[in-house]
Amino acid sequence: ELGSCRGMALDPDGTLWFSTRQGLARLQGDEVELWPDAGWPSHVTRAILRDLDGGHWLAGGGGLAHLAGRDLTVPPVVAALREDPLRSLALAPDGALWIGGARLLARLDPARTNLRLWRSGDELPHGEVRVILPEHGERAWIATYGGGLVRVEGEHTFAVDERHGLDDQSLCAVLELGDGLVLASNSGFSLVARDALAQVAAGRAAPLVSRPLRTEGVRAVECEGGVQPCAAEVDGTLWFCGIDGLHAFEPAHATALTCELPVKLRAVFLGDTRW
(Lines give C-alpha, C1' and ligand atoms only; values in the text may rest on other atoms or scores of the structure.)
Protein backbone atom coordinates (compact mmCIF):
# COMPACT_ATOMS: atom_id res chain seq x y z
CA GLU A 1 0.00 0.00 0.00
CA LEU A 2 1.70 3.21 -1.19
CA GLY A 3 -0.85 5.69 0.19
CA SER A 4 -1.99 8.91 -1.47
CA CYS A 5 -0.27 10.28 -4.59
CA ARG A 6 0.81 13.93 -4.42
CA GLY A 7 3.02 14.59 -7.43
CA MET A 8 3.24 12.89 -10.82
CA ALA A 9 5.17 13.09 -14.10
CA LEU A 10 5.22 11.02 -17.29
CA ASP A 11 8.49 10.47 -19.20
CA PRO A 12 8.55 10.28 -23.03
CA ASP A 13 9.20 6.53 -22.81
CA GLY A 14 6.03 5.97 -20.78
CA THR A 15 7.68 5.72 -17.36
CA LEU A 16 5.43 7.20 -14.67
CA TRP A 17 6.95 8.91 -11.64
CA PHE A 18 4.87 9.75 -8.58
CA SER A 19 5.33 10.55 -4.89
CA THR A 20 3.69 8.58 -2.10
CA ARG A 21 3.75 8.50 1.68
CA GLN A 22 6.53 5.93 1.42
CA GLY A 23 8.67 8.04 -0.91
CA LEU A 24 9.25 8.57 -4.60
CA ALA A 25 8.06 5.75 -6.87
CA ARG A 26 8.65 4.80 -10.51
CA LEU A 27 6.22 2.69 -12.54
CA GLN A 28 7.56 0.84 -15.58
CA GLY A 29 5.10 -1.60 -17.06
CA ASP A 30 3.64 -3.49 -14.12
CA GLU A 31 6.62 -2.96 -11.80
CA VAL A 32 6.79 -0.27 -9.12
CA GLU A 33 10.17 0.74 -7.70
CA LEU A 34 10.56 2.90 -4.59
CA TRP A 35 13.37 5.39 -4.03
CA PRO A 36 14.69 5.96 -0.47
CA ASP A 37 14.47 9.51 0.85
CA ALA A 38 18.29 9.72 1.07
CA GLY A 39 18.16 12.68 3.45
CA TRP A 40 15.48 14.57 1.47
CA PRO A 41 11.75 14.15 2.28
CA SER A 42 10.57 12.90 -1.11
CA HIS A 43 7.32 11.66 0.48
CA VAL A 44 6.09 15.28 0.57
CA THR A 45 6.90 15.91 -3.09
CA ARG A 46 4.13 17.93 -4.78
CA ALA A 47 5.63 18.38 -8.27
CA ILE A 48 7.95 16.31 -10.47
CA LEU A 49 9.50 17.55 -13.72
CA ARG A 50 11.90 15.91 -16.18
CA ASP A 51 14.87 18.16 -16.94
CA LEU A 52 16.70 18.54 -20.25
CA ASP A 53 19.53 16.33 -18.95
CA GLY A 54 17.16 13.41 -18.38
CA GLY A 55 17.14 13.84 -14.61
CA HIS A 56 14.13 14.90 -12.55
CA TRP A 57 13.44 17.88 -10.34
CA LEU A 58 11.39 17.23 -7.21
CA ALA A 59 9.59 20.05 -5.37
CA GLY A 60 7.66 19.91 -2.12
CA GLY A 61 7.71 20.54 1.60
CA GLY A 62 11.44 19.94 1.77
CA GLY A 63 12.35 22.43 -0.94
CA LEU A 64 13.87 21.45 -4.29
CA ALA A 65 16.03 18.43 -5.14
CA HIS A 66 17.46 16.85 -8.30
CA LEU A 67 17.36 13.13 -9.05
CA ALA A 68 19.91 11.73 -11.52
CA GLY A 69 19.82 7.96 -11.74
CA ARG A 70 19.71 6.93 -8.10
CA ASP A 71 21.55 10.03 -6.82
CA LEU A 72 19.34 12.58 -5.06
CA THR A 73 21.03 15.94 -4.43
CA VAL A 74 20.08 19.44 -3.29
CA PRO A 75 22.18 21.96 -5.26
CA PRO A 76 23.50 24.71 -2.93
CA VAL A 77 22.02 27.41 -5.19
CA VAL A 78 18.46 26.33 -4.26
CA ALA A 79 19.01 26.10 -0.50
CA ALA A 80 16.91 29.26 -0.03
CA LEU A 81 13.82 27.35 -1.20
CA ARG A 82 13.79 25.10 1.87
CA GLU A 83 11.85 27.75 3.81
CA ASP A 84 8.73 27.56 1.65
CA PRO A 85 6.44 24.66 0.68
CA LEU A 86 6.81 24.30 -3.10
CA ARG A 87 3.85 23.46 -5.34
CA SER A 88 4.69 23.80 -9.05
CA LEU A 89 7.50 23.41 -11.59
CA ALA A 90 7.82 24.51 -15.21
CA LEU A 91 10.58 24.44 -17.82
CA ALA A 92 10.93 27.58 -19.93
CA PRO A 93 11.73 27.68 -23.68
CA ASP A 94 15.24 28.95 -22.82
CA GLY A 95 15.85 26.02 -20.45
CA ALA A 96 15.34 27.92 -17.20
CA LEU A 97 13.54 26.14 -14.35
CA TRP A 98 10.64 28.02 -12.72
CA ILE A 99 9.42 27.09 -9.24
CA GLY A 100 6.21 28.13 -7.51
CA GLY A 101 5.58 27.97 -3.78
CA ALA A 102 3.12 28.98 -1.11
CA ARG A 103 4.78 32.36 -0.70
CA LEU A 104 7.27 32.74 -3.56
CA LEU A 105 8.17 32.39 -7.22
CA ALA A 106 11.69 31.45 -8.32
CA ARG A 107 13.66 31.07 -11.55
CA LEU A 108 16.80 28.94 -11.80
CA ASP A 109 18.77 30.05 -14.86
CA PRO A 110 19.63 27.61 -17.69
CA ALA A 111 23.17 27.18 -16.35
CA ARG A 112 21.66 26.18 -12.96
CA THR A 113 23.95 28.64 -11.16
CA ASN A 114 21.74 31.64 -10.35
CA LEU A 115 18.41 31.74 -8.50
CA ARG A 116 16.02 34.71 -8.85
CA LEU A 117 13.26 35.13 -6.23
CA TRP A 118 9.95 37.01 -6.18
CA ARG A 119 8.09 36.94 -2.84
CA SER A 120 4.39 37.17 -2.04
CA GLY A 121 3.43 40.40 -0.33
CA ASP A 122 6.46 42.13 -1.86
CA GLU A 123 6.91 41.72 -5.63
CA LEU A 124 3.85 39.44 -5.89
CA PRO A 125 0.31 39.62 -4.46
CA HIS A 126 -0.55 37.29 -1.61
CA GLY A 127 -1.54 33.87 -2.90
CA GLU A 128 0.00 30.45 -3.50
CA VAL A 129 1.61 30.05 -6.94
CA ARG A 130 -0.31 27.20 -8.57
CA VAL A 131 0.63 27.47 -12.28
CA ILE A 132 3.60 28.94 -14.18
CA LEU A 133 3.55 29.72 -17.92
CA PRO A 134 7.19 30.74 -18.54
CA GLU A 135 8.66 32.57 -21.51
CA HIS A 136 12.22 33.54 -22.44
CA GLY A 137 14.21 35.39 -19.80
CA GLU A 138 12.56 36.59 -16.59
CA ARG A 139 9.10 36.74 -18.16
CA ALA A 140 6.09 34.61 -17.31
CA TRP A 141 2.41 34.50 -16.48
CA ILE A 142 1.62 32.87 -13.15
CA ALA A 143 -1.71 31.82 -11.67
CA THR A 144 -2.12 32.26 -7.93
CA TYR A 145 -4.69 31.05 -5.45
CA GLY A 146 -5.93 34.37 -4.10
CA GLY A 147 -4.03 36.92 -6.16
CA GLY A 148 -5.31 36.18 -9.67
CA LEU A 149 -3.09 36.10 -12.76
CA VAL A 150 0.24 37.89 -12.47
CA ARG A 151 2.43 39.14 -15.30
CA VAL A 152 6.13 38.90 -14.39
CA GLU A 153 8.75 40.79 -16.39
CA GLY A 154 11.91 40.96 -14.31
CA GLU A 155 11.44 43.48 -11.52
CA HIS A 156 8.07 44.57 -12.91
CA THR A 157 4.95 42.60 -11.94
CA PHE A 158 1.26 43.30 -12.50
CA ALA A 159 -1.67 41.41 -10.98
CA VAL A 160 -4.84 40.92 -13.04
CA ASP A 161 -7.66 40.13 -10.61
CA GLU A 162 -11.38 40.65 -10.06
CA ARG A 163 -10.96 44.42 -10.23
CA HIS A 164 -9.95 44.03 -13.88
CA GLY A 165 -12.74 41.64 -14.83
CA LEU A 166 -11.33 38.26 -13.83
CA ASP A 167 -14.17 35.91 -12.90
CA ASP A 168 -12.39 34.59 -9.80
CA GLN A 169 -8.89 35.34 -8.50
CA SER A 170 -8.55 32.06 -6.57
CA LEU A 171 -7.10 30.07 -9.47
CA CYS A 172 -6.37 26.33 -9.29
CA ALA A 173 -5.28 25.42 -12.82
CA VAL A 174 -4.69 26.95 -16.27
CA LEU A 175 -4.53 25.37 -19.73
CA GLU A 176 -3.70 27.07 -23.02
CA LEU A 177 -6.39 27.06 -25.70
CA GLY A 178 -5.34 28.65 -28.99
CA ASP A 179 -4.78 32.35 -28.30
CA GLY A 180 -6.52 32.12 -24.94
CA LEU A 181 -6.29 30.59 -21.49
CA VAL A 182 -8.86 28.41 -19.77
CA LEU A 183 -8.85 29.30 -16.08
CA ALA A 184 -10.11 26.88 -13.43
CA SER A 185 -11.09 28.38 -10.10
CA ASN A 186 -13.39 28.03 -7.10
CA SER A 187 -16.17 29.53 -9.24
CA GLY A 188 -15.77 27.18 -12.19
CA PHE A 189 -14.13 27.69 -15.58
CA SER A 190 -13.62 30.76 -17.76
CA LEU A 191 -11.87 31.70 -20.99
CA VAL A 192 -9.70 34.81 -21.42
CA ALA A 193 -7.67 36.02 -24.42
CA ARG A 194 -3.91 36.25 -23.90
CA ASP A 195 -3.71 39.44 -25.97
CA ALA A 196 -6.39 41.04 -23.79
CA LEU A 197 -4.47 40.03 -20.66
CA ALA A 198 -1.32 41.61 -22.06
CA GLN A 199 -3.22 44.83 -22.84
CA VAL A 200 -4.59 45.00 -19.29
CA ALA A 201 -1.19 44.27 -17.74
CA ALA A 202 0.37 47.02 -19.85
CA GLY A 203 -2.31 49.49 -18.75
CA ARG A 204 -3.65 49.93 -22.28
CA ALA A 205 -7.08 48.32 -21.82
CA ALA A 206 -9.72 47.67 -19.18
CA PRO A 207 -11.75 45.82 -18.22
CA LEU A 208 -10.88 42.24 -19.14
CA VAL A 209 -13.53 40.10 -20.84
CA SER A 210 -13.78 36.79 -18.98
CA ARG A 211 -16.15 34.30 -20.63
CA PRO A 212 -17.62 31.63 -18.29
CA LEU A 213 -17.60 28.02 -19.43
CA ARG A 214 -20.21 25.61 -18.16
CA THR A 215 -20.48 21.83 -18.07
CA GLU A 216 -23.83 20.76 -19.52
CA GLY A 217 -26.51 20.53 -16.82
CA VAL A 218 -24.28 22.14 -14.16
CA ARG A 219 -24.39 25.86 -13.36
CA ALA A 220 -20.87 25.99 -11.95
CA VAL A 221 -18.17 23.56 -10.86
CA GLU A 222 -15.36 24.02 -8.40
CA CYS A 223 -11.90 23.00 -9.50
CA GLU A 224 -9.39 21.27 -7.27
CA GLY A 225 -5.74 22.26 -7.39
CA GLY A 226 -2.53 22.59 -5.45
CA VAL A 227 -1.08 19.30 -6.71
CA GLN A 228 0.73 19.15 -10.04
CA PRO A 229 -0.75 18.11 -12.37
CA CYS A 230 -4.47 18.75 -11.80
CA ALA A 231 -5.16 19.67 -15.44
CA ALA A 232 -4.07 18.25 -18.78
CA GLU A 233 -4.72 18.37 -22.53
CA VAL A 234 -5.17 14.93 -24.11
CA ASP A 235 -5.89 14.53 -27.84
CA GLY A 236 -7.42 18.00 -28.04
CA THR A 237 -9.67 17.65 -24.97
CA LEU A 238 -9.04 19.73 -21.84
CA TRP A 239 -9.30 17.79 -18.57
CA PHE A 240 -9.60 19.34 -15.11
CA CYS A 241 -9.87 17.83 -11.65
CA GLY A 242 -12.89 19.12 -9.71
CA ILE A 243 -14.03 18.55 -6.16
CA ASP A 244 -16.98 16.52 -7.47
CA GLY A 245 -15.24 14.64 -10.28
CA LEU A 246 -13.32 15.00 -13.53
CA HIS A 247 -14.41 17.62 -16.07
CA ALA A 248 -13.68 17.69 -19.80
CA PHE A 249 -14.07 20.53 -22.31
CA GLU A 250 -14.02 20.29 -26.08
CA PRO A 251 -12.25 23.36 -27.55
CA ALA A 252 -14.87 23.72 -30.30
CA HIS A 253 -17.59 24.14 -27.68
CA ALA A 254 -15.50 26.54 -25.64
CA THR A 255 -14.68 28.89 -28.51
CA ALA A 256 -18.28 28.89 -29.73
CA LEU A 257 -19.52 30.43 -26.47
CA THR A 258 -21.53 33.62 -27.02
CA CYS A 259 -21.35 36.73 -24.87
CA GLU A 260 -25.12 36.85 -24.33
CA LEU A 261 -24.90 35.70 -20.73
CA PRO A 262 -26.74 36.73 -17.55
CA VAL A 263 -24.90 39.32 -15.49
CA LYS A 264 -24.53 38.93 -11.73
CA LEU A 265 -22.99 41.65 -9.54
CA ARG A 266 -20.52 39.98 -7.19
CA ALA A 267 -18.51 42.87 -5.78
CA VAL A 268 -17.92 46.61 -6.00
CA PHE A 269 -14.45 48.13 -5.68
CA LEU A 270 -13.66 51.68 -4.55
CA GLY A 271 -9.92 52.02 -5.08
CA ASP A 272 -8.46 48.95 -3.39
CA THR A 273 -11.45 48.48 -1.07
CA ARG A 274 -13.91 45.71 -1.89
CA TRP A 275 -17.57 46.15 -0.88
# chains A, B, ... in the order shown; residues from 1 in each chain; ligands from 1
>>> residues_around(residues="Ala90 in chain A", least_positions_apart="3", cutoff="12 Å", atoms="only C-alpha atoms", output="NGL selection string")
:A and (9 or 47-52 or 56-59 or 87 or 93-100 or 105-108 or 129-135 or 140-142 or 228-229)
>>> residues_around(residues="Ala198 in chain A", least_positions_apart="3", cutoff="12 Å", atoms="only C-alpha atoms", output="short mmCIF file (atom, residue, chain, number, x, y, z; two decimals) with all heavy atoms, in the first residue's frame")
data_model
loop_
_atom_site.label_atom_id
_atom_site.label_comp_id
_atom_site.auth_asym_id
_atom_site.auth_seq_id
_atom_site.Cartn_x
_atom_site.Cartn_y
_atom_site.Cartn_z
N ALA A 140 7.03 35.72 -17.47
CA ALA A 140 6.09 34.61 -17.31
C ALA A 140 4.73 35.14 -16.88
O ALA A 140 4.61 36.26 -16.38
CB ALA A 140 6.61 33.63 -16.25
N TRP A 141 3.70 34.32 -17.12
CA TRP A 141 2.41 34.50 -16.48
C TRP A 141 2.32 33.45 -15.38
O TRP A 141 2.71 32.29 -15.58
CB TRP A 141 1.26 34.28 -17.47
CG TRP A 141 0.95 35.45 -18.33
CD1 TRP A 141 1.32 35.63 -19.63
CD2 TRP A 141 0.20 36.63 -17.96
NE1 TRP A 141 0.85 36.83 -20.10
CE2 TRP A 141 0.17 37.47 -19.10
CE3 TRP A 141 -0.44 37.04 -16.80
CZ2 TRP A 141 -0.49 38.69 -19.09
CZ3 TRP A 141 -1.08 38.26 -16.78
CH2 TRP A 141 -1.10 39.08 -17.91
N LEU A 149 -4.18 36.30 -11.81
CA LEU A 149 -3.09 36.10 -12.76
C LEU A 149 -2.08 37.23 -12.60
O LEU A 149 -2.46 38.40 -12.44
CB LEU A 149 -3.63 36.11 -14.19
CG LEU A 149 -4.31 34.84 -14.70
CD1 LEU A 149 -5.01 35.12 -16.02
CD2 LEU A 149 -3.30 33.71 -14.88
N VAL A 150 -0.81 36.89 -12.65
CA VAL A 150 0.24 37.89 -12.47
C VAL A 150 1.20 37.84 -13.65
O VAL A 150 1.71 36.77 -14.01
CB VAL A 150 1.01 37.67 -11.16
CG1 VAL A 150 2.06 38.77 -10.97
CG2 VAL A 150 0.06 37.62 -9.96
N ARG A 151 1.43 39.01 -14.24
CA ARG A 151 2.43 39.14 -15.30
C ARG A 151 3.75 39.49 -14.66
O ARG A 151 3.86 40.46 -13.89
CB ARG A 151 2.02 40.23 -16.30
CG ARG A 151 3.04 40.47 -17.42
CD ARG A 151 3.25 39.22 -18.25
NE ARG A 151 4.21 39.45 -19.34
CZ ARG A 151 4.68 38.47 -20.11
NH1 ARG A 151 4.29 37.22 -19.93
NH2 ARG A 151 5.54 38.73 -21.07
N VAL A 152 4.79 38.68 -14.94
CA VAL A 152 6.13 38.90 -14.39
C VAL A 152 7.07 39.24 -15.53
O VAL A 152 7.18 38.48 -16.50
CB VAL A 152 6.63 37.65 -13.64
CG1 VAL A 152 8.05 37.86 -13.13
CG2 VAL A 152 5.69 37.29 -12.49
N GLU A 153 7.72 40.38 -15.43
CA GLU A 153 8.75 40.79 -16.39
C GLU A 153 9.91 41.38 -15.60
O GLU A 153 9.99 42.58 -15.40
CB GLU A 153 8.20 41.80 -17.40
CG GLU A 153 7.13 41.23 -18.32
CD GLU A 153 6.72 42.19 -19.42
OE1 GLU A 153 7.33 43.28 -19.51
OE2 GLU A 153 5.80 41.86 -20.20
N THR A 157 6.05 43.58 -12.01
CA THR A 157 4.95 42.60 -11.94
C THR A 157 3.63 43.35 -11.93
O THR A 157 3.54 44.48 -11.45
CB THR A 157 5.05 41.72 -10.69
OG1 THR A 157 4.96 42.54 -9.51
CG2 THR A 157 6.36 40.93 -10.67
N PHE A 158 2.59 42.70 -12.47
CA PHE A 158 1.26 43.30 -12.50
C PHE A 158 0.23 42.21 -12.29
O PHE A 158 0.23 41.20 -13.01
CB PHE A 158 1.01 44.01 -13.84
CG PHE A 158 -0.29 44.77 -13.89
CD1 PHE A 158 -0.34 46.11 -13.50
CD2 PHE A 158 -1.46 44.15 -14.31
CE1 PHE A 158 -1.53 46.80 -13.55
CE2 PHE A 158 -2.64 44.83 -14.35
CZ PHE A 158 -2.69 46.17 -13.96
N ALA A 159 -0.64 42.40 -11.30
CA ALA A 159 -1.67 41.41 -10.98
C ALA A 159 -2.98 41.75 -11.68
O ALA A 159 -3.48 42.88 -11.57
CB ALA A 159 -1.89 41.34 -9.47
N VAL A 160 -3.53 40.78 -12.41
CA VAL A 160 -4.84 40.92 -13.04
C VAL A 160 -5.81 40.12 -12.18
O VAL A 160 -5.71 38.89 -12.10
CB VAL A 160 -4.83 40.38 -14.48
CG1 VAL A 160 -6.21 40.51 -15.11
CG2 VAL A 160 -3.78 41.10 -15.31
N ASP A 179 -5.32 31.06 -28.74
CA ASP A 179 -4.78 32.35 -28.30
C ASP A 179 -5.31 32.75 -26.93
O ASP A 179 -5.15 33.89 -26.51
CB ASP A 179 -5.15 33.44 -29.31
CG ASP A 179 -4.49 33.21 -30.66
OD1 ASP A 179 -3.38 32.63 -30.68
OD2 ASP A 179 -5.08 33.58 -31.69
N GLY A 180 -5.95 31.81 -26.24
CA GLY A 180 -6.52 32.12 -24.94
C GLY A 180 -6.07 31.17 -23.85
O GLY A 180 -5.28 30.24 -24.07
N VAL A 192 -10.19 33.45 -21.22
CA VAL A 192 -9.70 34.81 -21.42
C VAL A 192 -8.70 34.80 -22.57
O VAL A 192 -8.00 33.80 -22.80
CB VAL A 192 -9.04 35.41 -20.16
CG1 VAL A 192 -10.05 35.53 -19.03
CG2 VAL A 192 -7.86 34.56 -19.71
N ALA A 193 -8.62 35.90 -23.31
CA ALA A 193 -7.67 36.02 -24.42
C ALA A 193 -6.32 36.49 -23.90
O ALA A 193 -6.25 37.42 -23.09
CB ALA A 193 -8.21 37.00 -25.46
N ARG A 194 -5.24 35.86 -24.36
CA ARG A 194 -3.91 36.25 -23.90
C ARG A 194 -3.57 37.68 -24.32
O ARG A 194 -2.92 38.42 -23.57
CB ARG A 194 -2.86 35.28 -24.43
CG ARG A 194 -2.99 33.89 -23.89
CD ARG A 194 -1.75 33.04 -24.16
NE ARG A 194 -0.61 33.51 -23.39
CZ ARG A 194 0.37 32.70 -22.97
NH1 ARG A 194 0.33 31.42 -23.25
NH2 ARG A 194 1.39 33.17 -22.30
N ASP A 195 -3.99 38.07 -25.52
CA ASP A 195 -3.71 39.44 -25.97
C ASP A 195 -4.42 40.45 -25.07
O ASP A 195 -3.85 41.49 -24.73
CB ASP A 195 -4.16 39.62 -27.42
CG ASP A 195 -3.88 41.02 -27.94
OD1 ASP A 195 -2.68 41.37 -28.04
OD2 ASP A 195 -4.84 41.76 -28.23
N ALA A 201 -2.42 44.21 -18.53
CA ALA A 201 -1.19 44.27 -17.74
C ALA A 201 -0.32 45.45 -18.12
O ALA A 201 0.40 46.01 -17.28
CB ALA A 201 -0.40 42.97 -17.90
N ALA A 202 -0.41 45.86 -19.39
CA ALA A 202 0.37 47.02 -19.85
C ALA A 202 -0.35 48.34 -19.59
O ALA A 202 0.20 49.40 -19.90
CB ALA A 202 0.68 46.87 -21.34
N GLY A 203 -1.56 48.27 -19.05
CA GLY A 203 -2.31 49.49 -18.75
C GLY A 203 -2.97 50.12 -19.96
O GLY A 203 -3.39 51.28 -19.90
N ARG A 204 -3.09 49.36 -21.06
CA ARG A 204 -3.65 49.93 -22.28
C ARG A 204 -5.12 49.58 -22.50
O ARG A 204 -5.74 50.07 -23.44
CB ARG A 204 -2.83 49.44 -23.50
CG ARG A 204 -1.41 49.97 -23.52
CD ARG A 204 -0.77 49.72 -24.88
NE ARG A 204 -0.57 48.31 -25.12
CZ ARG A 204 0.56 47.66 -24.85
NH1 ARG A 204 1.57 48.31 -24.28
NH2 ARG A 204 0.68 46.37 -25.12
N ALA A 205 -5.68 48.70 -21.64
CA ALA A 205 -7.08 48.32 -21.82
C ALA A 205 -7.68 47.88 -20.49
O ALA A 205 -6.98 47.37 -19.61
CB ALA A 205 -7.20 47.17 -22.83
N ALA A 206 -8.96 48.11 -20.36
CA ALA A 206 -9.72 47.67 -19.18
C ALA A 206 -11.20 47.84 -19.50
O ALA A 206 -11.59 48.77 -20.20
CB ALA A 206 -9.34 48.48 -17.94
N PRO A 207 -12.07 47.00 -19.02
CA PRO A 207 -11.75 45.82 -18.22
C PRO A 207 -11.49 44.61 -19.10
O PRO A 207 -11.65 44.66 -20.32
CB PRO A 207 -13.03 45.63 -17.40
CG PRO A 207 -14.12 46.07 -18.35
CD PRO A 207 -13.51 47.25 -19.11
N LEU A 208 -11.12 43.51 -18.46
CA LEU A 208 -10.88 42.24 -19.14
C LEU A 208 -12.20 41.52 -19.38
O LEU A 208 -13.08 41.52 -18.52
CB LEU A 208 -9.97 41.37 -18.29
CG LEU A 208 -9.61 39.98 -18.82
CD1 LEU A 208 -8.65 40.11 -19.99
CD2 LEU A 208 -8.99 39.14 -17.71
#
>>> atom_distance(atom1="CA of Gly137 in chain A", atom2="CA of Asp84 in chain A")
23.5 Å
>>> residues_around(residues="Asp161 in chain A", least_positions_apart="6", cutoff="8 Å", atoms="only C-alpha atoms", output="JSON, numbers by chain")
{"A": [147, 148, 149, 168, 169]}
>>> atom_distance(atom1="CA of Leu34 in chain A", atom2="CA of Gln22 in chain A")
7.8 Å
>>> residues_around(residues="range 114-122 of chain A", least_positions_apart="4", cutoff="9 Å", atoms="only C-alpha atoms", output="PyMOL selection string")
chain A and resi 77-78+80+102-110+126-128+138+155
